[in-house]
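Engineer: Once you've had a glance at the structure underneath, I'll fire off some questions.
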Amino acid sequence: MEQTVFTFGGDAPHSNARQKDKTVTGGKGANLAEMAAIGLPVPPGFTIATDECVRYLKEGGDFSAELRDEVATALQHIERSVGKRFGDAGDPLLVSVRSGARVSMPGMMDTVLNLGLNDETVEGLAATSGDPRFAWDSYRRFIQMYSDVVLGLDHGLFEEALEIAKEDKGFYNDTEMECEDWQALVGQYKDIVRRELGEDFPQDVLHQLWGAIRAVFDSWDSERAKVYRRLNDIPGDWGTAVNVQAMVFGNMGNTSATGVAFTRDPATGEKAYYGEYLINAQGEDVVAGIRTPQYLTRAAREKAGAKPLSMEEAMPEAYAELTRVFELLERHYRDMQDIEFTVERGKLWMLQTRTGKRTASAALKLAVDMVDEGLIDEKTAVLRVDPMALDQLLHPTLDPDAPRDVLTTGLPASPGAASGRIVLDADTAEQWSQRGDKVILVRVETSPEDIHGMHAAQGILTARGGMTSHAAVVARGMGRPCVSGAPGVSIDLKARTLRVGERELAEGDTITLDGGTGQVMAGEVATIEPELAGDFGTLMEWADRHRRMKVRTNAETPADCRMARQFGAEGIGLCRTEHMFFDAGRISAVREMILADSEKGRRAALDKLLPEQRADFRQIFEVMVGLPCTIRLLDPPLHEFLPHGDAEFAELAEATGLGVDHLRRRAQDLHEFNPMLGHRGCRLGITYPEIYEMQARAIFEAACDVAAESGEAPLPEVMIPLVATRRELELLRELVDRVAGEVFAEKGREIAYLVGTMIELPRAALMAGDIAGAAEFFSFGTNDLTQTTLGVSRDDSARFLAQYVDRGIFARDPFVSLDIDGVGQLVELAAERGRGTRAELKLGICGEHGGDPASIAFCEKTGLDYVSASPYRVPIARLAAAQASLR
């Protein structure tokens, strides 16, 4: 059996390669071992591997005898290293128990500090530390945390008891409480446990330890962890490691402190130390936003106009040691680090380092700066930036010249701007967002249970907490603007109101956040389009240098085409012509064409549509001149264009001269029980060829006109949708070629064009070798290919797909990221068989998957020529294509 418990710090060896493998010991465990190996002050401890978590959850939540033996041996390592024994009433060893997945999931899983305290050991800690107040403070913290995390009690019960105790004494801060106050509170806390559970708080320290380990393992499958994994594409079968470590104490008076720091600014990427600390506190006080901390550096304090001394000023020696550690860690890991530290009576201890979560703009600056500094090379820089993070940069920001009604200014915890309706809890945020409202989640402080509401919100505002609190870290990772520690903000959950200073707002009122300045404004503030220059332009230039696949856009309006070209699109991969038919000025003619009961009637209506359709294509070709443009002929079933209400039928009757009853009967004739699999796509072109004739004529006339005026022709690629057989494509290709010949004769010029099809049916993928005999290109319509392969409707699957992902049936939502194992096989097979028939067959993808990095990596592996994405996802696709090529 392979080793699953690894010791670090003290006299532990650090030569085991598995110990530094994040898939084995998680990110935290691997980095603790690495820090200890390079000589940094790390409290000794041990890590239980992720395999044990997977086994525990799979086998019904129990621990093997082998694991219990390994943990007992590892515990002896900590005891030897610090010279204390676990459970010793005279001089007790206390430990922390923390999670540690292979990728950072801040706040999603459980932690227990000060473990090993009971009614006896608290007296020993008081005696050996010489500070009874500190000992009882630690004990009350432990009872509260253990009761919440392990025993499942509501932490609010303990918070309420603490607040009452402070009020009774007239205290504002926890630090004002004396030893006897904490002793009394410990008694109250124990009474709460006895009342709620019907049993005493556990005094056996080994029982405490295994309870905490169990809680960390269980927290991997907590609802908040599942939501976070689903949002960040983290597989559910990875499991988490558990890190047990000797406690060091930041709450031992004014020479002790705790803090969180980044080697560079995670919001901007600026090369400046960034972080916060609290004197006489423990780490959860900073991370959970329970107290608003002080600044790390004097420069940051002065910039903010804050009065409490920075760590640089209050603890100069510990701060100087911390800066040396910063430099060492950044050089060692060659990336910006997120560090947790404790100062115990003047001595610095490192509790964690990990690659710091950052905003998109910071990620770009860090990547470009580190190349300039020689820390990393250009390829590493391209690989380092998360393509999906670019989405943060591609949307409007607040107009600096717009009027602002500023309510308050808090801490700029995560940059960006957002307007939305105030919501005061996570469930409401999710519900309102699902009905289409843009919302701002406002909380006193966020907790990990708020993750679903944070994701649903446009931005987050908290009354308490600093720039390294849970809200700030998670918001930065999500790309949500966040203002934390906003002064004057109070929430009345019963009245569902928000008070900011003298102003009162109700839930549902609109506010705007500026996460870059910390401003909170009443109402909605105007926005401006983003500028994509500087570091963004540099990284995109590097990405384009290293990618093989082309990147096109899905667009059907000139505005979208211009936006896509600005973002670097190299053509159109999908122009959906049906969107043009819904225009208010032409829907009447479209309906007239559909409801006509003869070819003559349809052609009369189509003659009205031809100039409109030609103008559509002309505008697109003018923007995309010289580039390939794939235009899909009419695809949806005709019933989608039909009138619904009495007023629409009456309006159509007046336009056509036909009676309302006649039109209703004709509409009923066209009704389909399953229109997605009905009379649509190429089936329309075969039964009503005049529709595709009109569209083909509009395409070629527009292309010839643009070529005549600009001297440079676009390359139209005429796509026949929903083909299942070669004969369907042959019939419609003959139609397109005939119309092209007629137009070229009339215009006196010829232009190059291609005719191909969309592969969106399993049969088309299987018969791709045959179909390629009549096609010059395949475009994989993976939205419909996913629906027809899985037998799952994209429009109706939301109600169960989340559970499918949580329970491991699908690794990800198959409409967000391609089902590579199933649908992917059809794509690979079609590509192979198609090119077996026609070696020069052009291959692309134009479903929503064309903007998904994981799907793009698959497209690179399969040898596709291009991906096509919505305009705002073009830069994401460019970077993802480069990363896929480099990997």
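Convention: chains lettered A, B, ... in structure tokens order; per-chain residue numbering from 1; ligands numbered from 1 as shown.
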For range 220-228 of chain A, list every protein, DNA or RNA residue within 8 Å, evaluated using only C-alpha atoms, and leave out those in the same chain fewer than 4 positions away; present the list as a JSON list (two decimals) with all heavy atoms, in the first residue's frame.
Structural biologist:
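part34.json, written as the output of this step:
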[["chain", "number", "residue", "atom", "x", "y", "z"],
["A", 105, "MET", "N", -9.50, 26.46, -3.58],
["A", 105, "MET", "CA", -10.96, 26.67, -3.50],
["A", 105, "MET", "C", -11.23, 27.51, -2.25],
["A", 105, "MET", "O", -11.74, 27.02, -1.25],
["A", 105, "MET", "CB", -11.68, 25.32, -3.41],
["A", 105, "MET", "CG", -11.56, 24.46, -4.66],
["A", 105, "MET", "SD", -12.21, 22.78, -4.45],
["A", 105, "MET", "CE", -13.92, 23.09, -4.04],
["A", 108, "MET", "N", -14.13, 27.29, 0.63],
["A", 108, "MET", "CA", -15.16, 26.32, 0.29],
["A", 108, "MET", "C", -15.15, 25.10, 1.21],
["A", 108, "MET", "O", -16.15, 24.40, 1.33],
["A", 108, "MET", "CB", -15.01, 25.86, -1.17],
["A", 108, "MET", "CG", -15.30, 26.94, -2.18],
["A", 108, "MET", "SD", -16.93, 27.65, -2.00],
["A", 108, "MET", "CE", -16.50, 29.30, -1.43],
["A", 109, "MET", "N", -14.00, 24.80, 1.80],
["A", 109, "MET", "CA", -13.93, 23.63, 2.67],
["A", 109, "MET", "C", -13.52, 24.04, 4.07],
["A", 109, "MET", "O", -13.23, 25.19, 4.33],
["A", 109, "MET", "CB", -12.99, 22.60, 2.05],
["A", 109, "MET", "CG", -13.63, 21.92, 0.85],
["A", 109, "MET", "SD", -12.52, 20.83, -0.01],
["A", 109, "MET", "CE", -11.28, 21.96, -0.60],
["A", 216, "VAL", "N", -13.40, 17.76, 7.36],
["A", 216, "VAL", "CA", -12.72, 18.27, 6.16],
["A", 216, "VAL", "C", -13.04, 17.38, 4.97],
["A", 216, "VAL", "O", -13.35, 17.87, 3.87],
["A", 216, "VAL", "CB", -11.19, 18.37, 6.39],
["A", 216, "VAL", "CG1", -10.48, 18.71, 5.07],
["A", 216, "VAL", "CG2", -10.88, 19.45, 7.43],
["A", 232, "ASN", "N", -16.14, 26.33, -11.57],
["A", 232, "ASN", "CA", -14.73, 26.42, -11.96],
["A", 232, "ASN", "C", -14.20, 25.16, -12.63],
["A", 232, "ASN", "O", -12.98, 24.99, -12.76],
["A", 232, "ASN", "CB", -13.88, 26.74, -10.71],
["A", 232, "ASN", "CG", -14.15, 28.14, -10.19],
["A", 232, "ASN", "OD1", -13.59, 29.11, -10.68],
["A", 232, "ASN", "ND2", -15.03, 28.25, -9.21],
["A", 236, "GLY", "N", -15.18, 16.34, -9.58],
["A", 236, "GLY", "CA", -15.64, 15.95, -8.26],
["A", 236, "GLY", "C", -14.92, 14.76, -7.67],
["A", 236, "GLY", "O", -15.05, 14.46, -6.49],
["A", 239, "GLY", "N", -11.08, 14.89, -4.73],
["A", 239, "GLY", "CA", -10.93, 14.85, -3.28],
["A", 239, "GLY", "C", -10.01, 15.93, -2.76],
["A", 239, "GLY", "O", -9.35, 16.64, -3.52],
["A", 240, "THR", "N", -9.98, 16.06, -1.44],
["A", 240, "THR", "CA", -9.10, 17.04, -0.80],
["A", 240, "THR", "C", -8.13, 16.35, 0.14],
["A", 240, "THR", "O", -8.45, 15.30, 0.70],
["A", 240, "THR", "CB", -9.91, 18.09, -0.01],
["A", 240, "THR", "OG1", -9.02, 19.03, 0.60],
["A", 240, "THR", "CG2", -10.75, 17.44, 1.09],
["A", 448, "PRO", "N", -18.86, 31.13, 2.83],
["A", 448, "PRO", "CA", -18.82, 30.17, 1.72],
["A", 448, "PRO", "C", -20.21, 29.71, 1.27],
["A", 448, "PRO", "O", -20.38, 29.35, 0.10],
["A", 448, "PRO", "CB", -18.01, 29.02, 2.31],
["A", 448, "PRO", "CG", -17.10, 29.68, 3.30],
["A", 448, "PRO", "CD", -17.92, 30.77, 3.91],
["A", 449, "GLU", "N", -21.20, 29.74, 2.16],
["A", 449, "GLU", "CA", -22.56, 29.32, 1.78],
["A", 449, "GLU", "C", -23.20, 30.28, 0.77],
["A", 449, "GLU", "O", -24.22, 29.97, 0.17],
["A", 449, "GLU", "CB", -23.46, 29.21, 3.01],
["A", 449, "GLU", "CG", -23.27, 27.95, 3.83],
["A", 449, "GLU", "CD", -21.98, 27.96, 4.66],
["A", 449, "GLU", "OE1", -21.45, 29.07, 4.88],
["A", 449, "GLU", "OE2", -21.52, 26.88, 5.04],
["A", 450, "ASP", "N", -22.60, 31.47, 0.60],
["A", 450, "ASP", "CA", -23.16, 32.46, -0.33],
["A", 450, "ASP", "C", -22.67, 32.27, -1.76],
["A", 450, "ASP", "O", -22.98, 33.09, -2.63],
["A", 450, "ASP", "CB", -22.78, 33.89, 0.12],
["A", 450, "ASP", "CG", -23.48, 34.29, 1.41],
["A", 450, "ASP", "OD1", -24.63, 33.88, 1.61],
["A", 450, "ASP", "OD2", -22.85, 35.00, 2.22],
["A", 451, "ILE", "N", -21.92, 31.22, -2.03],
["A", 451, "ILE", "CA", -21.22, 31.09, -3.32],
["A", 451, "ILE", "C", -22.19, 31.16, -4.50],
["A", 451, "ILE", "O", -21.91, 31.80, -5.51],
["A", 451, "ILE", "CB", -20.38, 29.78, -3.36],
["A", 451, "ILE", "CG1", -19.60, 29.64, -4.67],
["A", 451, "ILE", "CG2", -21.24, 28.55, -3.12],
["A", 451, "ILE", "CD1", -18.47, 30.59, -4.79],
["A", 452, "HIS", "N", -23.38, 30.52, -4.38],
["A", 452, "HIS", "CA", -24.31, 30.53, -5.51],
["A", 452, "HIS", "C", -24.86, 31.93, -5.78],
["A", 452, "HIS", "O", -25.05, 32.32, -6.93],
["A", 452, "HIS", "CB", -25.45, 29.52, -5.28],
["A", 452, "HIS", "CG", -26.25, 29.77, -4.05],
["A", 452, "HIS", "ND1", -25.70, 29.67, -2.77],
["A", 452, "HIS", "CD2", -27.57, 30.11, -3.86],
["A", 452, "HIS", "CE1", -26.64, 29.93, -1.88],
["A", 452, "HIS", "NE2", -27.77, 30.21, -2.50],
["A", 806, "ASP", "N", -22.95, 17.35, -10.57],
["A", 806, "ASP", "CA", -22.60, 17.11, -9.17],
["A", 806, "ASP", "C", -22.38, 15.63, -8.89],
["A", 806, "ASP", "O", -21.52, 15.26, -8.09],
["A", 806, "ASP", "CB", -23.71, 17.63, -8.25],
["A", 806, "ASP", "CG", -23.72, 19.15, -8.15],
["A", 806, "ASP", "OD1", -22.71, 19.77, -8.55],
["A", 806, "ASP", "OD2", -24.73, 19.71, -7.68]]
Engineer: Which residues are near Thr342 in chain A? Cut-off 7 Å, only C-alpha atoms, ignore same chain within fewer than 5 positions. Put them as number ranges by chain.
Structural biologist: A: 248-250, 257-259, 348-350
Engineer: Once you have the residues from the selection above, write them out as a PDB file, in the first residue's frame, restricted to N, CA and C atoms.
Structural biologist:
ATOM      1  N   VAL A 248       0.567  27.954  15.709  1.00  0.00           N
ATOM      2  CA  VAL A 248       1.307  29.136  16.159  1.00  0.00           C
ATOM      3  C   VAL A 248       0.252  30.221  16.335  1.00  0.00           C
ATOM      4  N   PHE A 249       0.505  31.151  17.244  1.00  0.00           N
ATOM      5  CA  PHE A 249      -0.579  32.004  17.714  1.00  0.00           C
ATOM      6  C   PHE A 249      -0.329  33.478  17.415  1.00  0.00           C
ATOM      7  N   GLY A 250      -1.276  34.056  16.668  1.00  0.00           N
ATOM      8  CA  GLY A 250      -1.222  35.494  16.417  1.00  0.00           C
ATOM      9  C   GLY A 250      -1.989  36.286  17.439  1.00  0.00           C
ATOM     10  N   ALA A 257       0.596  38.683  15.623  1.00  0.00           N
ATOM     11  CA  ALA A 257      -0.310  39.150  14.570  1.00  0.00           C
ATOM     12  C   ALA A 257      -0.560  38.027  13.576  1.00  0.00           C
ATOM     13  N   THR A 258      -1.517  38.234  12.724  1.00  0.00           N
ATOM     14  CA  THR A 258      -1.798  37.291  11.634  1.00  0.00           C
ATOM     15  C   THR A 258      -2.110  38.099  10.391  1.00  0.00           C
ATOM     16  N   GLY A 259      -1.845  37.514   9.230  1.00  0.00           N
ATOM     17  CA  GLY A 259      -2.087  38.290   8.015  1.00  0.00           C
ATOM     18  C   GLY A 259      -2.138  37.444   6.761  1.00  0.00           C
ATOM     19  N   LEU A 348       8.241  35.195  12.917  1.00  0.00           N
ATOM     20  CA  LEU A 348       7.416  34.978  11.727  1.00  0.00           C
ATOM     21  C   LEU A 348       7.297  33.488  11.422  1.00  0.00           C
ATOM     22  N   TRP A 349       6.070  33.053  11.140  1.00  0.00           N
ATOM     23  CA  TRP A 349       5.805  31.679  10.702  1.00  0.00           C
ATOM     24  C   TRP A 349       4.991  31.712   9.411  1.00  0.00           C
ATOM     25  N   MET A 350       5.356  30.835   8.465  1.00  0.00           N
ATOM     26  CA  MET A 350       4.641  30.756   7.193  1.00  0.00           C
ATOM     27  C   MET A 350       3.636  29.598   7.256  1.00  0.00           C
TER      28      MET A 350
END
Engineer: Out of range 355-402 of chain A, which residues get helix (DSSP H, G or I) from DSSP, as an NGL selection string?
Structural biologist: :A and (360-372 or 378-384 or 387-393)
Engineer: So what do you get for CA of Arg833 in chain A versus CA of Ala854 in chain A, distance-wise?
Structural biologist: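 Straight-line distance from CA of Arg833 in chain A to CA of Ala854 in chain A works out to 23.6 Å.
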Engineer: Excluding same-chain residues fewer than 2 positions from Leu879 in chain A, what lies within 6 Å of it counting only C-alpha atoms, as a list in words?
Structural biologist: Pro387, Ala543, Ile876, Ala877, Ala881 and Ala882 of chain A
Engineer: Let's have the selection written as a compact mmCIF listing (two decimals), in the first residue's frame, with C-alpha atoms.
Structural biologist:
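The resulting file, again-v9.txt, is reproduced below:
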# COMPACT_ATOMS: atom_id res chain seq x y z
CA PRO A 387 -8.53 32.50 -21.29
CA ALA A 543 -0.81 34.21 -28.59
CA ILE A 876 -10.70 34.04 -25.35
CA ALA A 877 -10.63 31.68 -28.33
CA ALA A 881 -6.08 28.17 -29.38
CA ALA A 882 -2.51 29.33 -28.68
Engineer: Find, counting only C-alpha atoms, the residue in A:Val71, A:Ala267, A:Leu638, A:Ile164 that gets nearest to Ala472 in chain A.
Structural biologist: A:Ala267
